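Student: Hey, dropping entry_1.cif in here, mmCIF, C-alpha atoms:
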```cif
data_structure
loop_
_atom_site.label_atom_id
_atom_site.label_comp_id
_atom_site.auth_asym_id
_atom_site.auth_seq_id
_atom_site.Cartn_x
_atom_site.Cartn_y
_atom_site.Cartn_z
CA MET K 19 0.94 -210.28 18.35
CA THR K 20 -1.06 -211.34 15.36
CA SER K 21 -4.17 -209.78 16.80
CA THR K 22 -2.36 -206.49 17.49
CA THR K 23 -0.96 -206.42 13.97
CA THR K 24 -4.37 -207.08 12.50
CA ARG K 25 -5.93 -204.30 14.57
CA LYS K 26 -3.16 -201.97 13.45
CA THR K 27 -3.58 -202.87 9.80
CA VAL K 28 -7.25 -201.95 10.06
CA TRP K 29 -6.96 -198.99 12.36
CA ILE K 30 -4.09 -197.16 10.68
CA PRO K 31 -5.52 -197.11 7.15
CA ALA K 32 -8.91 -196.07 8.57
CA LEU K 33 -7.33 -193.20 10.45
CA ALA K 34 -5.35 -192.23 7.39
CA ALA K 35 -8.48 -192.29 5.26
CA ALA K 36 -10.34 -190.19 7.79
CA LEU K 37 -7.48 -187.70 7.93
CA LEU K 38 -7.33 -187.54 4.15
CA LEU K 39 -11.08 -187.02 3.97
CA PHE K 40 -10.88 -184.33 6.63
CA ALA K 41 -8.04 -182.65 4.78
CA ALA K 42 -9.91 -182.88 1.49
CA CYS K 43 -13.04 -181.43 3.05
CA LYS K 44 -11.03 -178.68 4.65
CA ASP K 45 -9.39 -177.95 1.31
CA LEU K 46 -12.75 -177.77 -0.47
CA ARG K 47 -14.62 -175.88 2.21
CA THR K 48 -13.01 -172.51 1.46
CA PRO K 49 -13.51 -172.54 -2.32
CA ALA K 50 -17.04 -173.87 -1.85
CA GLN K 51 -17.78 -171.09 0.64
CA GLN K 52 -16.34 -168.49 -1.72
CA ALA K 53 -18.29 -169.80 -4.69
CA LEU K 54 -21.49 -169.92 -2.66
CA ASP K 55 -20.96 -166.41 -1.31
CA SER K 56 -20.30 -165.11 -4.78
CA VAL K 57 -23.41 -166.63 -6.36
CA THR K 58 -25.54 -165.66 -3.34
CA ALA K 59 -24.41 -162.05 -3.78
CA ALA K 60 -25.25 -162.24 -7.50
CA VAL K 61 -28.75 -163.54 -6.72
CA ASN K 62 -29.29 -160.90 -4.04
CA ALA K 63 -28.22 -158.17 -6.45
CA VAL K 64 -31.00 -159.02 -8.93
CA THR K 65 -33.72 -160.07 -6.47
CA ASP K 66 -35.52 -156.71 -6.26
CA LYS K 67 -35.79 -156.28 -10.03
CA ALA K 68 -36.49 -159.96 -10.62
CA THR K 69 -39.34 -159.90 -8.09
CA ILE K 70 -41.01 -157.31 -10.32
CA TYR K 71 -40.03 -158.39 -13.82
CA ALA K 72 -39.30 -162.15 -13.73
CA PRO K 73 -40.74 -163.68 -10.53
CA GLN K 74 -41.00 -167.23 -11.90
CA ASP K 75 -37.42 -167.28 -13.14
CA LEU K 76 -36.33 -165.86 -9.77
CA ALA K 77 -38.15 -168.64 -7.90
CA LYS K 78 -36.22 -171.28 -9.88
CA VAL K 79 -32.91 -169.56 -9.14
CA GLN K 80 -33.74 -169.25 -5.45
CA ASN K 81 -34.68 -172.94 -5.27
CA THR K 82 -31.36 -173.92 -6.78
CA LEU K 83 -29.52 -171.60 -4.39
CA THR K 84 -31.36 -173.07 -1.41
CA GLY K 85 -30.30 -176.55 -2.56
CA LEU K 86 -26.67 -175.44 -2.72
CA GLN K 87 -26.87 -173.87 0.74
CA GLN K 88 -28.25 -177.15 2.06
CA ALA K 89 -25.48 -179.09 0.32
CA PHE K 90 -22.91 -176.80 1.91
CA GLY K 91 -24.49 -177.40 5.29
CA LEU K 92 -24.12 -181.13 4.66
CA LYS K 93 -20.43 -180.55 3.82
CA GLU K 94 -20.98 -181.59 0.21
CA TYR K 95 -18.40 -179.09 -0.89
CA GLN K 96 -17.54 -180.68 -4.22
CA LYS K 97 -21.22 -180.67 -5.15
CA VAL K 98 -21.41 -176.98 -4.28
CA ILE K 99 -18.33 -176.20 -6.34
CA ASP K 100 -19.68 -178.18 -9.30
CA GLN K 101 -23.12 -176.60 -9.20
CA VAL K 102 -22.23 -172.94 -8.70
CA PRO K 103 -21.24 -172.33 -12.36
CA PRO K 104 -24.60 -173.54 -13.75
CA LEU K 105 -26.37 -171.42 -11.14
CA THR K 106 -24.27 -168.43 -12.16
CA ALA K 107 -25.39 -169.04 -15.73
CA GLN K 108 -29.00 -169.17 -14.48
CA VAL K 109 -28.49 -165.80 -12.77
CA ASP K 110 -27.10 -164.34 -16.01
CA ALA K 111 -30.14 -165.67 -17.88
CA LEU K 112 -32.35 -164.10 -15.20
CA LYS K 113 -30.66 -160.74 -15.76
CA GLY K 114 -31.37 -161.12 -19.48
CA ALA K 115 -35.03 -161.96 -18.80
CA ILE K 116 -35.35 -158.88 -16.58
CA GLU K 117 -33.88 -156.61 -19.25
CA ALA K 118 -36.08 -158.11 -21.98
CA ARG K 119 -39.26 -157.70 -19.92
CA LYS K 120 -38.27 -154.16 -18.95
CA ALA K 121 -37.69 -153.25 -22.59
CA GLU K 122 -41.06 -154.69 -23.61
CA LEU K 123 -42.87 -152.87 -20.81
CA GLY K 124 -40.88 -149.71 -21.52
CA ASN K 125 -42.26 -149.68 -25.06
CA SER K 126 -45.81 -150.18 -23.77
CA TRP K 127 -45.33 -147.42 -21.21
CA SER K 128 -43.96 -145.02 -23.82
CA THR K 129 -47.01 -145.58 -25.99
CA LEU K 130 -49.38 -145.10 -23.07
CA THR K 131 -47.67 -141.88 -21.94
CA ALA K 132 -47.73 -140.52 -25.48
CA GLY K 133 -51.37 -141.44 -26.12
CA LEU K 134 -53.41 -141.54 -22.94
CA PRO K 135 -53.10 -137.97 -21.63
CA GLY K 136 -54.67 -136.64 -24.84
CA VAL K 137 -57.52 -139.12 -24.52
CA VAL K 138 -58.16 -138.15 -20.92
CA ASP K 139 -58.03 -134.45 -21.87
CA ALA K 140 -60.62 -135.05 -24.60
CA ILE K 141 -62.92 -136.79 -22.13
CA LYS K 142 -62.44 -134.06 -19.52
CA SER K 143 -63.20 -131.42 -22.09
CA ARG K 144 -66.47 -133.14 -23.05
CA VAL K 145 -67.48 -133.82 -19.44
CA ASP K 146 -66.77 -130.18 -18.50
CA VAL K 147 -68.96 -128.87 -21.34
CA LEU K 148 -71.77 -131.33 -20.61
CA ALA K 149 -71.67 -130.32 -16.93
CA GLN K 150 -72.62 -126.80 -18.05
CA ALA K 151 -75.51 -127.93 -20.28
CA LYS K 152 -79.01 -126.99 -19.12
CA LYS K 153 -80.26 -130.14 -20.85
CA LEU K 154 -78.32 -133.25 -21.87
CA PRO K 155 -78.22 -134.65 -25.42
CA ALA K 156 -80.71 -137.27 -26.53
CA GLY K 157 -79.97 -140.66 -25.01
CA MET K 158 -77.89 -139.29 -22.13
CA THR K 159 -79.19 -139.23 -18.58
CA PRO K 160 -77.81 -137.32 -15.58
CA ASP K 161 -76.73 -140.68 -14.14
CA MET K 162 -74.70 -141.41 -17.27
CA LEU K 163 -72.98 -138.03 -16.95
CA ALA K 164 -72.32 -138.68 -13.26
CA GLY K 165 -70.85 -142.07 -14.21
CA ALA K 166 -68.57 -140.39 -16.73
CA GLN K 167 -67.46 -137.86 -14.11
CA GLN K 168 -66.66 -140.71 -11.72
CA GLY K 169 -64.84 -142.55 -14.51
CA LEU K 170 -62.78 -139.42 -15.15
CA ALA K 171 -61.87 -139.20 -11.46
CA ASP K 172 -60.92 -142.89 -11.47
CA MET K 173 -58.76 -142.40 -14.56
CA THR K 174 -56.99 -139.43 -13.03
CA ALA K 175 -56.23 -141.41 -9.86
CA ALA K 176 -55.10 -144.50 -11.78
CA TRP K 177 -52.91 -142.41 -14.08
CA GLY K 178 -51.31 -140.76 -11.04
CA ALA K 179 -50.61 -144.21 -9.58
CA ALA K 180 -49.21 -145.38 -12.93
CA THR K 181 -46.86 -142.41 -13.12
CA THR K 182 -45.72 -142.95 -9.52
CA ALA K 183 -45.01 -146.60 -10.27
CA ALA K 184 -43.07 -145.70 -13.42
CA ASN K 185 -41.00 -143.18 -11.47
CA ALA K 186 -40.24 -145.95 -8.96
CA ASP K 187 -39.03 -148.09 -11.90
CA ASN K 188 -41.95 -150.50 -11.55
CA LEU K 189 -43.11 -150.70 -15.15
CA VAL K 190 -45.25 -153.78 -14.48
CA GLU K 191 -47.48 -151.75 -12.16
CA ALA K 192 -47.26 -148.65 -14.37
CA VAL K 193 -48.43 -150.47 -17.50
CA ALA K 194 -51.14 -152.35 -15.59
CA ARG K 195 -52.53 -149.07 -14.22
CA GLY K 196 -52.16 -147.42 -17.61
CA ASN K 197 -54.17 -150.22 -19.20
CA GLU K 198 -56.87 -149.69 -16.55
CA VAL K 199 -57.06 -146.05 -17.63
CA LYS K 200 -57.24 -147.15 -21.26
CA ALA K 201 -60.14 -149.52 -20.59
CA THR K 202 -62.04 -146.96 -18.51
CA ALA K 203 -61.47 -144.30 -21.17
CA ALA K 204 -63.01 -146.52 -23.84
CA GLN K 205 -66.08 -147.15 -21.64
CA VAL K 206 -66.53 -143.49 -20.76
CA MET K 207 -66.10 -142.29 -24.35
CA THR K 208 -68.70 -144.80 -25.51
CA SER K 209 -71.15 -143.73 -22.80
CA LEU K 210 -70.69 -140.09 -23.82
CA GLY K 211 -71.26 -140.88 -27.49
CA MET K 212 -67.69 -139.90 -28.39
CA GLN K 213 -65.60 -141.43 -31.18
CA VAL K 214 -63.28 -143.99 -29.56
CA PRO K 215 -59.71 -143.94 -30.96
CA PRO K 216 -58.73 -147.30 -32.53
CA ALA K 217 -55.90 -147.81 -30.00
CA LEU K 218 -58.44 -147.95 -27.18
CA ALA K 219 -60.40 -150.70 -28.87
CA ASN K 220 -57.45 -153.14 -28.55
CA MET L 25 -58.26 -123.63 -29.24
CA PRO L 26 -55.80 -126.50 -29.87
CA ASP L 27 -52.17 -125.96 -28.96
CA PRO L 28 -50.20 -125.96 -32.26
CA ASN L 29 -47.05 -126.93 -30.37
CA ALA L 30 -48.59 -129.97 -28.67
CA PRO L 31 -46.87 -133.24 -29.66
CA LEU L 32 -48.84 -135.44 -32.03
CA PRO L 33 -50.41 -138.51 -30.43
CA PRO L 34 -49.16 -141.91 -31.60
CA GLU L 35 -51.02 -143.50 -34.48
CA GLY L 36 -54.45 -144.69 -33.44
CA TRP L 37 -54.53 -142.60 -30.27
CA ASP L 38 -55.86 -139.29 -31.58
CA ALA L 39 -58.94 -138.59 -29.46
CA THR L 40 -59.89 -135.35 -31.22
CA GLN L 41 -63.62 -135.40 -31.77
CA TRP L 42 -64.50 -134.29 -35.29
CA TYR L 43 -67.77 -133.36 -36.93
CA GLU L 44 -68.27 -132.64 -40.62
CA VAL L 45 -70.69 -129.79 -41.18
CA GLN L 46 -73.84 -130.81 -43.08
CA ARG L 47 -76.09 -128.64 -45.19
CA GLY L 48 -78.48 -126.70 -42.91
CA ASP L 49 -76.21 -126.95 -39.86
CA SER L 50 -75.47 -124.09 -37.50
CA LEU L 51 -73.16 -124.09 -34.53
CA TRP L 52 -76.28 -123.88 -32.34
CA LYS L 53 -77.70 -127.04 -33.92
CA ILE L 54 -74.38 -128.85 -33.61
CA ALA L 55 -74.11 -127.85 -29.94
CA GLN L 56 -77.69 -128.99 -29.43
CA HIS L 57 -76.82 -132.38 -30.94
CA PHE L 58 -73.62 -133.00 -28.98
CA TYR L 59 -74.38 -131.22 -25.71
CA GLY L 60 -78.17 -131.06 -25.62
CA ASP L 61 -77.87 -127.29 -25.17
CA GLY L 62 -77.50 -125.00 -28.20
CA SER L 63 -76.30 -122.12 -26.08
CA LEU L 64 -73.00 -123.93 -25.64
CA TYR L 65 -72.16 -123.31 -29.32
CA THR L 66 -69.45 -120.89 -28.16
CA LYS L 67 -67.44 -123.90 -26.92
CA ILE L 68 -67.33 -125.23 -30.47
CA PHE L 69 -66.58 -121.80 -31.91
CA GLU L 70 -63.65 -121.28 -29.50
CA ALA L 71 -62.24 -124.74 -30.28
CA ASN L 72 -62.25 -123.92 -33.99
CA ARG L 73 -61.03 -120.32 -34.06
CA ASP L 74 -58.29 -121.40 -36.47
CA VAL L 75 -60.91 -122.17 -39.12
CA LEU L 76 -63.93 -120.11 -38.05
CA LYS L 77 -63.90 -116.33 -38.03
CA ASN L 78 -67.61 -115.89 -37.50
CA PRO L 79 -69.82 -118.32 -35.53
CA ASP L 80 -72.65 -117.68 -37.97
CA LEU L 81 -70.57 -118.69 -40.98
CA ILE L 82 -69.95 -122.38 -41.34
CA HIS L 83 -69.89 -124.38 -44.54
CA PRO L 84 -70.91 -127.92 -45.47
CA GLY L 85 -67.85 -130.17 -45.54
CA GLN L 86 -65.98 -128.17 -42.93
CA LYS L 87 -64.51 -130.37 -40.22
CA LEU L 88 -64.97 -128.99 -36.75
CA ARG L 89 -63.48 -130.11 -33.45
CA ILE L 90 -66.10 -130.85 -30.83
CA PRO L 91 -64.61 -130.33 -27.36
#
```
Show me this structure written as structure tokens.
Tutor:
Amino acid sequence: MTSTTTRKTVWIPALAAALLLFAACKDLRTPAQQALDSVTAAVNAVTDKATIYAPQDLAKVQNTLTGLQQAFGLKEYQKVIDQVPPLTAQVDALKGAIEARKAELGNSWSTLTAGLPGVVDAIKSRVDVLAQAKKLPAGMTPDMLAGAQQGLADMTAAWGAATTAANADNLVEAVARGNEVKATAAQVMTSLGMQVPPALAN
Amino acid sequence: MPDPNAPLPPEGWDATQWYEVQRGDSLWKIAQHFYGDGSLYTKIFEANRDVLKNPDLIHPGQKLRIP
């Protein structure tokens, strides 16, 4: 009798505790799932833009999200519920970083689009005239003119790629290609003995 | 000839190539200097039709565009 009572006093509270734990887990599972789904959707919504404009910040957010997904898999629902709000704040900060970088690159792109076409036109104009010359100016060889013609072709191609990237809302690529054009333009103008605008010297 | 309606480039980006006429210059000599071929002086004349009426009449101090 004593032995049975002792077994019962151990067994019943253990069962009760297990049932309570099960119930608690079951209660927390749904809100944890909802919170995780919500923050996962928020991360997914910014991933494309963040990949372009804030890849390092995105990597941190994705690491945190992976940790929460693992915690959910381990049934650590309270941990998930506790850590979703800070991750949501991280996602909001990521959105801010994307917008800030886009604005900065947008300004650079605006300057390039306003300035570079005129520079390329000036180079094309000079190359076209020199291509008609029976003799080149002092200090210029046919190879130098051929190099300038190739540089002009490269600039035209790079500018086309920059414009395509900008139209696809990839200002990182657009500005990078635009800066390539800028650097090539400075080289070609120098090789042709042209005055290089101050903006190209930077 | 430059397009008067073309938007102005941002500060520091103007790539217009200018030359200030010196005493004794002619369009032929200027073309010879920049292009190596004096016969291309018409390119300079056409680019400066707003300030030049006669390719044989240029004046020291005049600023010419060199295409």
Student: If I take CA of Pro135 in chain K and CA of Trp37 in chain L, how far is one from the other in Å, to one decimal?
Tutor: 9.9 Å
Student: Should the cut-off be 9 Å, what would the residue list for chain L against chain K look like, counting all atoms listed in the file, as a PyMOL selection string?
Tutor: chain L and resi 31-42+56-64+67+90-91
Student: Write to file, as a PDB file, in the frame of the given file, the residues of the selection just made, with C-alpha atoms.
Tutor:
```
ATOM      1  CA  PRO L  31     -46.870-133.240 -29.660  1.00  0.00           C
ATOM      2  CA  LEU L  32     -48.840-135.440 -32.030  1.00  0.00           C
ATOM      3  CA  PRO L  33     -50.410-138.510 -30.430  1.00  0.00           C
ATOM      4  CA  PRO L  34     -49.160-141.910 -31.600  1.00  0.00           C
ATOM      5  CA  GLU L  35     -51.020-143.500 -34.480  1.00  0.00           C
ATOM      6  CA  GLY L  36     -54.450-144.690 -33.440  1.00  0.00           C
ATOM      7  CA  TRP L  37     -54.530-142.600 -30.270  1.00  0.00           C
ATOM      8  CA  ASP L  38     -55.860-139.290 -31.580  1.00  0.00           C
ATOM      9  CA  ALA L  39     -58.940-138.590 -29.460  1.00  0.00           C
ATOM     10  CA  THR L  40     -59.890-135.350 -31.220  1.00  0.00           C
ATOM     11  CA  GLN L  41     -63.620-135.400 -31.770  1.00  0.00           C
ATOM     12  CA  TRP L  42     -64.500-134.290 -35.290  1.00  0.00           C
ATOM     13  CA  GLN L  56     -77.690-128.990 -29.430  1.00  0.00           C
ATOM     14  CA  HIS L  57     -76.820-132.380 -30.940  1.00  0.00           C
ATOM     15  CA  PHE L  58     -73.620-133.000 -28.980  1.00  0.00           C
ATOM     16  CA  TYR L  59     -74.380-131.220 -25.710  1.00  0.00           C
ATOM     17  CA  GLY L  60     -78.170-131.060 -25.620  1.00  0.00           C
ATOM     18  CA  ASP L  61     -77.870-127.290 -25.170  1.00  0.00           C
ATOM     19  CA  GLY L  62     -77.500-125.000 -28.200  1.00  0.00           C
ATOM     20  CA  SER L  63     -76.300-122.120 -26.080  1.00  0.00           C
ATOM     21  CA  LEU L  64     -73.000-123.930 -25.640  1.00  0.00           C
ATOM     22  CA  LYS L  67     -67.440-123.900 -26.920  1.00  0.00           C
ATOM     23  CA  ILE L  90     -66.100-130.850 -30.830  1.00  0.00           C
ATOM     24  CA  PRO L  91     -64.610-130.330 -27.360  1.00  0.00           C
TER      25      PRO L  91
END
```
Student: Quick check on the file I pasted: which residues fall under the PyMOL selection byres ((chain L and resi 79-86) around 6)? Write them as a CSV table (one decimal) with C-alpha atoms, in the frame of the given file.
Tutor:
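The result, stored in result.csv:
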```csv
chain,number,residue,atom,x,y,z
L,44,GLU,CA,-68.3,-132.6,-40.6
L,45,VAL,CA,-70.7,-129.8,-41.2
L,46,GLN,CA,-73.8,-130.8,-43.1
L,47,ARG,CA,-76.1,-128.6,-45.2
L,69,PHE,CA,-66.6,-121.8,-31.9
L,78,ASN,CA,-67.6,-115.9,-37.5
L,87,LYS,CA,-64.5,-130.4,-40.2
```
Student: Which one is closest to Tyr43 in chain L: L:Leu88, L:Ile68, L:Leu76, L:Ala30? Count all atoms listed in the file.
Tutor: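 Among the listed residues, L:Leu88 lies closest to Tyr43 in chain L.
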Student: Give as an MDAnalysis selection string the residues that the PyMOL selection byres ((chain K and resi 114) around 12) matches when applied to the coordinates above.
Tutor: chainID K and resid 64 67:68 71:72 75:76 107:113 115:121
Student: Got time to write the residues from that selection, C-alpha atoms, as a JSON list (two decimals), in the frame of the given file?
Tutor:
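Output contents, as saved in result18.json:
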```json
[["chain", "number", "residue", "atom", "x", "y", "z"],
["K", 64, "VAL", "CA", -31.00, -159.02, -8.93],
["K", 67, "LYS", "CA", -35.79, -156.28, -10.03],
["K", 68, "ALA", "CA", -36.49, -159.96, -10.62],
["K", 71, "TYR", "CA", -40.03, -158.39, -13.82],
["K", 72, "ALA", "CA", -39.30, -162.15, -13.73],
["K", 75, "ASP", "CA", -37.42, -167.28, -13.14],
["K", 76, "LEU", "CA", -36.33, -165.86, -9.77],
["K", 107, "ALA", "CA", -25.39, -169.04, -15.73],
["K", 108, "GLN", "CA", -29.00, -169.17, -14.48],
["K", 109, "VAL", "CA", -28.49, -165.80, -12.77],
["K", 110, "ASP", "CA", -27.10, -164.34, -16.01],
["K", 111, "ALA", "CA", -30.14, -165.67, -17.88],
["K", 112, "LEU", "CA", -32.35, -164.10, -15.20],
["K", 113, "LYS", "CA", -30.66, -160.74, -15.76],
["K", 115, "ALA", "CA", -35.03, -161.96, -18.80],
["K", 116, "ILE", "CA", -35.35, -158.88, -16.58],
["K", 117, "GLU", "CA", -33.88, -156.61, -19.25],
["K", 118, "ALA", "CA", -36.08, -158.11, -21.98],
["K", 119, "ARG", "CA", -39.26, -157.70, -19.92],
["K", 120, "LYS", "CA", -38.27, -154.16, -18.95],
["K", 121, "ALA", "CA", -37.69, -153.25, -22.59]]
```
Student: May I have the residues within 9 Å of Gln51 in chain K as a ChimeraX atom specification, using only C-alpha atoms and disregarding those fewer than 3 positions away in the same chain?
Tutor: /K:46-48,54-56,90,95,98-99
Student: For a quick check of understanding, using all atoms listed in the file, which of K:Ala59, K:Leu92, K:Leu170, K:Ala184 has the smallest distance to Gln80 in chain K?
Tutor: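 Distance minimum relative to Gln80 in chain K lands on K:Ala59.
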Student: Please evaluate the PyMOL selection byres ((chain K and resi 82) around 12) against the structure above and give the resulting residues as a compact mmCIF listing (two decimals) with C-alpha atoms, in the coordinates of the input.
Tutor:
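Everything below was put into result35.txt:
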```txt
# COMPACT_ATOMS: atom_id res chain seq x y z
CA LEU K 54 -21.49 -169.92 -2.66
CA VAL K 57 -23.41 -166.63 -6.36
CA THR K 58 -25.54 -165.66 -3.34
CA VAL K 61 -28.75 -163.54 -6.72
CA ASP K 75 -37.42 -167.28 -13.14
CA LEU K 76 -36.33 -165.86 -9.77
CA ALA K 77 -38.15 -168.64 -7.90
CA LYS K 78 -36.22 -171.28 -9.88
CA VAL K 79 -32.91 -169.56 -9.14
CA GLN K 80 -33.74 -169.25 -5.45
CA ASN K 81 -34.68 -172.94 -5.27
CA LEU K 83 -29.52 -171.60 -4.39
CA THR K 84 -31.36 -173.07 -1.41
CA GLY K 85 -30.30 -176.55 -2.56
CA LEU K 86 -26.67 -175.44 -2.72
CA GLN K 87 -26.87 -173.87 0.74
CA GLN K 88 -28.25 -177.15 2.06
CA ALA K 89 -25.48 -179.09 0.32
CA VAL K 98 -21.41 -176.98 -4.28
CA GLN K 101 -23.12 -176.60 -9.20
CA VAL K 102 -22.23 -172.94 -8.70
CA PRO K 103 -21.24 -172.33 -12.36
CA PRO K 104 -24.60 -173.54 -13.75
CA LEU K 105 -26.37 -171.42 -11.14
CA THR K 106 -24.27 -168.43 -12.16
CA ALA K 107 -25.39 -169.04 -15.73
CA GLN K 108 -29.00 -169.17 -14.48
CA VAL K 109 -28.49 -165.80 -12.77
```
Student: Would you compute an axis-aligned box for range 65-69 of chain L, covering every atom listed for it in the file with 8 Å of margin on each side, and report centre and edge lengths in Å to one decimal as lines of an AutoDock Vina configuration file?
Tutor:
```
center_x = -69.4
center_y = -123.1
center_z = -29.4
size_x = 21.6
size_y = 20.3
size_z = 21.0
```
Student: Work out how far CA of Ala176 in chain K is from CA of Val199 in chain K, in Å to one decimal.
Tutor: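 Separating CA of Val199 in chain K from CA of Ala176 in chain K is a distance of 6.4 Å.
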Student: Restricting the calculation to all atoms listed in the file, which member of K:Asp66, K:Gln96, K:Val193, K:Ala204 is positioned closest to Ala166 in chain K?
Tutor: K:Ala204
Student: What gap, in Å, lies between CA of Trp52 in chain L and CA of Glu70 in chain L?
Tutor: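 Answer for the CA of Trp52 in chain L to CA of Glu70 in chain L separation: 13.2 Å.
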